[in-house]
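Since the structure comes first, as structure tokens, the remarks are kept for the end.
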Amino acid sequence: MFVLIKTQTFAFKNEKTFVFSVFCRCFMWYIINEFLKNGVSILVVSIVMGSSSDWPTMKKAKDMLDYFGIETDVEVVSAHRTPKNMYEFATNAKEKGTKVIIAGAGGAAHLPGMIASMTNVPVIGVPIQTKALSGIDSLYSIVQMPGGVPVATMAIGEAGATNAGIYAAKMIAIEDESVYDKLEAYTKSLEQKVEDMQNDLK
Ligand code: RP5
């Protein structure tokens, strides 16, 4: 049996081999498609911070991402102490499969902005609460980016880190229904918390 597809002719022994071959091709097409949809979407969020002293705050972002089942990697990369590492990190982020970067820094907090200047992977900035100025310094350093180089800046400290994790999950959820469902459940759990507070007052 001969089948003409566009300009190519394919020879088959009989109808059965033809049907089997079509089935195999469809099956392979389906597997590749599924792989592209799910397998290739390595749901990685990179969490970076200027110092290990930022970790107690930044861990809140990781906790949220773990809760939503999103893979993370964590690194200490300092804009001032290891600028070459920061360059490597930012310029390799896309290739590494990083979908979102959460960058935390305190004081003269240049890390999120500098990373954002070197990659188009979206950057969420977390201003670390500092001893000297309570994090106002970090906030201003991160939030006041020049037009053209955005950093999605969160609140100062742990609340900001928690929200950074949730915000990153929302970005991942654009392409991942299962993460979206977990976000819905999380939002419901917040409603429940408020209801419990209300009941505790009675
Ligand atoms: C920043 O300097 C870090 O992000 C950190 O918040 C701050 C202080 O760093 P350490 O002196 O505690 O290492 O780069």
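Here, A, B, ... name the chains of the structure tokens in the order displayed, residue numbers run from 1 inside each chain, and ligands are numbered from 1 in the same displayed order.
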Determine, for each residue of chain A having at least one atom at most 7 Å from an atom of ligand 1, the closest pair of atoms and their separation in Å to one decimal, counting only C-alpha atoms and all ligand atoms; order by chain and ascending number, as a tab-separated table.
residue	atom	partner	partner_atom_place_in_ligand_line	distance
A:Met49	CA	ligand 1	4 (O)	5.7
A:Gly50	CA	ligand 1	4 (O)	3.5
A:Ser51	CA	ligand 1	3 (C)	4.5
A:Ser52	CA	ligand 1	13 (O)	6.5
A:Ser53	CA	ligand 1	12 (O)	4.7
A:Asp54	CA	ligand 1	6 (O)	5.4
A:Ser78	CA	ligand 1	14 (O)	5.7
A:Ala79	CA	ligand 1	14 (O)	6.8
A:His80	CA	ligand 1	14 (O)	6.7
A:Gly104	CA	ligand 1	4 (O)	6.3
A:Ala105	CA	ligand 1	4 (O)	3.3
A:Gly106	CA	ligand 1	6 (O)	3.3
A:Gly107	CA	ligand 1	2 (O)	5.7
A:Ala108	CA	ligand 1	1 (C)	6.9
A:Ala109	CA	ligand 1	1 (C)	6.2
A:Ile128	CA	ligand 1	6 (O)	5.8
A:Thr130	CA	ligand 1	6 (O)	6.8
Contacts of Ala161 of chain A within 8 Å, only C-alpha atoms, excl. fewer than 4 positions in-chain, as a count of residues only: 11
Report as a ChimeraX atom specification: the residues of chain A with a DSSP assignment of helix (DSSP H, G or I), based on the backbone of this structure. /A:15-39,52-67,83-96,111-118,136-143,158-173,177-201
Could you check the closest approach to Gly97 of chain A for each of A:Ala11, A:Val151, A:Val44, A:Met197 and tell me which residue wins, using only C-alpha atoms? A:Val44
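Among the candidate residues A:Gln129, A:Thr17, A:Gln192, A:Ser46, the one lying nearest to Gly160 of chain A is A:Gln129, with distances computed using only C-alpha atoms.
Each of A:Asn14, A:Ser21, A:Thr153, A:Thr98 was compared to Ile172 of chain A using only C-alpha atoms, and A:Thr98 turns out to be the nearest.
Atom CA of Ile136 of chain A lies 16.1 Å from atom CA of Gly113 of chain A.
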Please report as CSV every residue of segment 69-96 of chain A lying within 12 Å of segment 177-186 of chain A, along with the nearest atom pair and their distance in Å (one decimal), using only C-alpha atoms.
residue,atom,partner,partner_atom,distance
A:Gly69,CA,A:Val179,CA,7.6
A:Ile70,CA,A:Val179,CA,8.1
A:Glu71,CA,A:Val179,CA,11.6
Nearest to Lys99 of chain A among A:Lys62, A:Glu175, A:Asn85, A:Asn163, with distances taken over only C-alpha atoms: which residue is it? A:Glu175
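What separates atom CA of Lys94 of chain A from atom CA of Pro150 of chain A is a distance of 16.7 Å.
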